[in-house]
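Asker: This structure is in structure tokens; I'll ask about it shortly.
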Amino acid sequence: MKRFAFKMFLKPGCEEEYQKRHAAIWPELKQMIKDQGVGNYSIYWDRDTNILFAYQECAGEGNSQDTTDVDPITQRWWDMMADIMEVNPDNSPVTIPLPELFHMD
């Protein structure tokens with residue numbers, strides 16, 4: 001299992017909306033992420049910087065932030081989230097992978 005951590009950027013004043021949208025995440029999106037081998041997925045919010053820190057465990061080489069060969073469900077989610085996050089031209093969230101420096105089981 002590969003561990004993958006990354007950060008994303010929430011626009012100021014959008015914290016409640018971000019939580020609201022994720023509380024109602026589409027079942028088909030959740031299932032698709034699981035089917036891609038992603039599990040143990042958490043997102044944390046740093047109130048001081050408005051940075052979102054995410055962690056997930058991936059069974060394969062991919063992860064939920066992979067922008068190659070994007071399916072319509074993911075693209076629709078990105079489009080819906082684009083107004084409250086920093087995004088790339090294709091509306092994918094600006095994602096910065098974070099290297100693992102320490103791990104303890």
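FYI, nothing fancy with the structure tokens labels: chains A, B, ... in order, residues from 1 per chain, ligands from 1 as they appear.
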Output as a list of chain:residue names all residues of chain A that backbone DSSP marks as strand (DSSP E).

Answerer: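 The strand (DSSP E) subset of chain A is A:Lys2, A:Arg3, A:Phe4, A:Ala5, A:Phe6, A:Lys7, A:Met8, A:Phe9, A:Val38, A:Gly39, A:Asn40, A:Tyr41, A:Ser42, A:Ile43, A:Tyr44, A:Trp45, A:Asp46, A:Ile51, A:Leu52, A:Phe53, A:Ala54, A:Tyr55, A:Gln56, A:Glu57, A:Cys58, A:Ile96, A:Pro97, A:Leu98.
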
Asker: Could you save those same residues with N, CA, C and O atoms as an mmCIF file, in the first residue's frame?

Answerer:
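Final file, part_36.cif:
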```cif
data_model
loop_
_atom_site.group_PDB
_atom_site.id
_atom_site.type_symbol
_atom_site.label_atom_id
_atom_site.label_comp_id
_atom_site.auth_asym_id
_atom_site.auth_seq_id
_atom_site.Cartn_x
_atom_site.Cartn_y
_atom_site.Cartn_z
ATOM 1 N N LYS A 2 0.663 2.120 -0.932
ATOM 2 C CA LYS A 2 1.424 3.370 -1.026
ATOM 3 C C LYS A 2 0.665 4.474 -0.290
ATOM 4 O O LYS A 2 -0.539 4.633 -0.461
ATOM 5 N N ARG A 3 1.373 5.220 0.541
ATOM 6 C CA ARG A 3 0.787 6.369 1.228
ATOM 7 C C ARG A 3 1.029 7.602 0.369
ATOM 8 O O ARG A 3 2.104 7.776 -0.193
ATOM 9 N N PHE A 4 0.023 8.468 0.270
ATOM 10 C CA PHE A 4 0.127 9.675 -0.542
ATOM 11 C C PHE A 4 -0.463 10.835 0.240
ATOM 12 O O PHE A 4 -1.603 10.781 0.688
ATOM 13 N N ALA A 5 0.330 11.880 0.425
ATOM 14 C CA ALA A 5 -0.130 13.086 1.123
ATOM 15 C C ALA A 5 0.043 14.278 0.188
ATOM 16 O O ALA A 5 0.981 14.319 -0.608
ATOM 17 N N PHE A 6 -0.863 15.226 0.286
ATOM 18 C CA PHE A 6 -0.798 16.401 -0.583
ATOM 19 C C PHE A 6 -1.543 17.555 0.056
ATOM 20 O O PHE A 6 -2.289 17.379 1.016
ATOM 21 N N LYS A 7 -1.296 18.755 -0.482
ATOM 22 C CA LYS A 7 -2.036 19.909 -0.001
ATOM 23 C C LYS A 7 -2.758 20.578 -1.162
ATOM 24 O O LYS A 7 -2.338 20.474 -2.318
ATOM 25 N N MET A 8 -3.856 21.233 -0.811
ATOM 26 C CA MET A 8 -4.672 21.981 -1.758
ATOM 27 C C MET A 8 -5.003 23.311 -1.083
ATOM 28 O O MET A 8 -4.740 23.491 0.105
ATOM 29 N N PHE A 9 -5.604 24.220 -1.823
ATOM 30 C CA PHE A 9 -5.816 25.564 -1.314
ATOM 31 C C PHE A 9 -7.282 25.964 -1.400
ATOM 32 O O PHE A 9 -7.858 26.016 -2.479
ATOM 33 N N VAL A 38 -8.054 3.574 -3.928
ATOM 34 C CA VAL A 38 -7.774 4.601 -2.920
ATOM 35 C C VAL A 38 -8.632 4.332 -1.686
ATOM 36 O O VAL A 38 -9.844 4.147 -1.796
ATOM 37 N N GLY A 39 -7.988 4.318 -0.536
ATOM 38 C CA GLY A 39 -8.708 4.120 0.717
ATOM 39 C C GLY A 39 -8.071 4.931 1.829
ATOM 40 O O GLY A 39 -7.076 5.623 1.616
ATOM 41 N N ASN A 40 -8.663 4.843 2.995
ATOM 42 C CA ASN A 40 -8.158 5.572 4.155
ATOM 43 C C ASN A 40 -7.834 7.016 3.771
ATOM 44 O O ASN A 40 -6.727 7.508 3.968
ATOM 45 N N TYR A 41 -8.827 7.698 3.205
ATOM 46 C CA TYR A 41 -8.672 9.030 2.631
ATOM 47 C C TYR A 41 -9.240 10.058 3.599
ATOM 48 O O TYR A 41 -10.414 9.999 3.955
ATOM 49 N N SER A 42 -8.407 10.997 4.019
ATOM 50 C CA SER A 42 -8.833 12.055 4.929
ATOM 51 C C SER A 42 -8.351 13.399 4.408
ATOM 52 O O SER A 42 -7.291 13.482 3.789
ATOM 53 N N ILE A 43 -9.130 14.437 4.683
ATOM 54 C CA ILE A 43 -8.740 15.805 4.345
ATOM 55 C C ILE A 43 -8.872 16.643 5.620
ATOM 56 O O ILE A 43 -9.897 16.597 6.290
ATOM 57 N N TYR A 44 -7.814 17.404 5.912
ATOM 58 C CA TYR A 44 -7.778 18.268 7.095
ATOM 59 C C TYR A 44 -7.651 19.713 6.649
ATOM 60 O O TYR A 44 -7.070 19.998 5.614
ATOM 61 N N TRP A 45 -8.154 20.609 7.471
ATOM 62 C CA TRP A 45 -8.128 22.036 7.150
ATOM 63 C C TRP A 45 -7.268 22.780 8.159
ATOM 64 O O TRP A 45 -7.523 22.709 9.366
ATOM 65 N N ASP A 46 -6.285 23.529 7.672
ATOM 66 C CA ASP A 46 -5.476 24.399 8.523
ATOM 67 C C ASP A 46 -6.131 25.781 8.500
ATOM 68 O O ASP A 46 -6.040 26.506 7.505
ATOM 69 N N ILE A 51 -5.088 26.118 4.047
ATOM 70 C CA ILE A 51 -4.545 24.991 3.287
ATOM 71 C C ILE A 51 -5.274 23.732 3.721
ATOM 72 O O ILE A 51 -5.528 23.510 4.906
ATOM 73 N N LEU A 52 -5.617 22.916 2.735
ATOM 74 C CA LEU A 52 -6.206 21.613 2.987
ATOM 75 C C LEU A 52 -5.089 20.583 2.889
ATOM 76 O O LEU A 52 -4.334 20.561 1.906
ATOM 77 N N PHE A 53 -4.949 19.746 3.891
ATOM 78 C CA PHE A 53 -3.962 18.672 3.886
ATOM 79 C C PHE A 53 -4.727 17.371 3.702
ATOM 80 O O PHE A 53 -5.691 17.104 4.425
ATOM 81 N N ALA A 54 -4.310 16.578 2.739
ATOM 82 C CA ALA A 54 -5.008 15.323 2.468
ATOM 83 C C ALA A 54 -4.041 14.146 2.564
ATOM 84 O O ALA A 54 -2.853 14.268 2.258
ATOM 85 N N TYR A 55 -4.585 13.017 2.974
ATOM 86 C CA TYR A 55 -3.815 11.786 3.097
ATOM 87 C C TYR A 55 -4.686 10.653 2.571
ATOM 88 O O TYR A 55 -5.888 10.595 2.847
ATOM 89 N N GLN A 56 -4.056 9.762 1.804
ATOM 90 C CA GLN A 56 -4.770 8.587 1.328
ATOM 91 C C GLN A 56 -3.795 7.438 1.131
ATOM 92 O O GLN A 56 -2.593 7.653 0.988
ATOM 93 N N GLU A 57 -4.331 6.246 1.151
ATOM 94 C CA GLU A 57 -3.532 5.058 0.889
ATOM 95 C C GLU A 57 -4.018 4.470 -0.429
ATOM 96 O O GLU A 57 -5.224 4.358 -0.667
ATOM 97 N N CYS A 58 -3.050 4.136 -1.296
ATOM 98 C CA CYS A 58 -3.364 3.722 -2.655
ATOM 99 C C CYS A 58 -2.816 2.321 -2.921
ATOM 100 O O CYS A 58 -1.641 2.054 -2.676
ATOM 101 N N ILE A 96 -0.341 19.891 -4.436
ATOM 102 C CA ILE A 96 1.104 19.804 -4.248
ATOM 103 C C ILE A 96 1.395 18.555 -3.420
ATOM 104 O O ILE A 96 1.038 18.495 -2.230
ATOM 105 N N PRO A 97 2.002 17.533 -4.050
ATOM 106 C CA PRO A 97 2.364 16.326 -3.298
ATOM 107 C C PRO A 97 3.382 16.667 -2.208
ATOM 108 O O PRO A 97 4.241 17.527 -2.386
ATOM 109 N N LEU A 98 3.276 15.980 -1.088
ATOM 110 C CA LEU A 98 4.180 16.186 0.028
ATOM 111 C C LEU A 98 5.005 14.912 0.248
ATOM 112 O O LEU A 98 4.432 13.832 0.432
#
```

Asker: Residues within 9 Å of segment 19-31 of chain A, please, as a PyMOL selection string. Count only C-alpha atoms; anything in the same chain fewer than 3 positions from it doesn't count.

Answerer: chain A and resi 14-16+34-36+73-74+77+81

Asker: Within chain A, find each residue whose DSSP state, derived from the backbone, is alpha helix (DSSP H), and express the selection as a ChimeraX atom specification.

Answerer: /A:15-23,27-35,72-81

Asker: Find the residue from A:Ile84, A:Met32, A:Thr95, A:Gly13 that sits nearest to Pro72 of chain A; use only C-alpha atoms when measuring.

Answerer: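 Among A:Ile84, A:Met32, A:Thr95, A:Gly13, it is A:Met32 that comes nearest to Pro72 of chain A.
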
Asker: By how many Å are atom CA of Tyr18 of chain A and atom CA of Thr67 of chain A apart?

Answerer: 20.9 Å
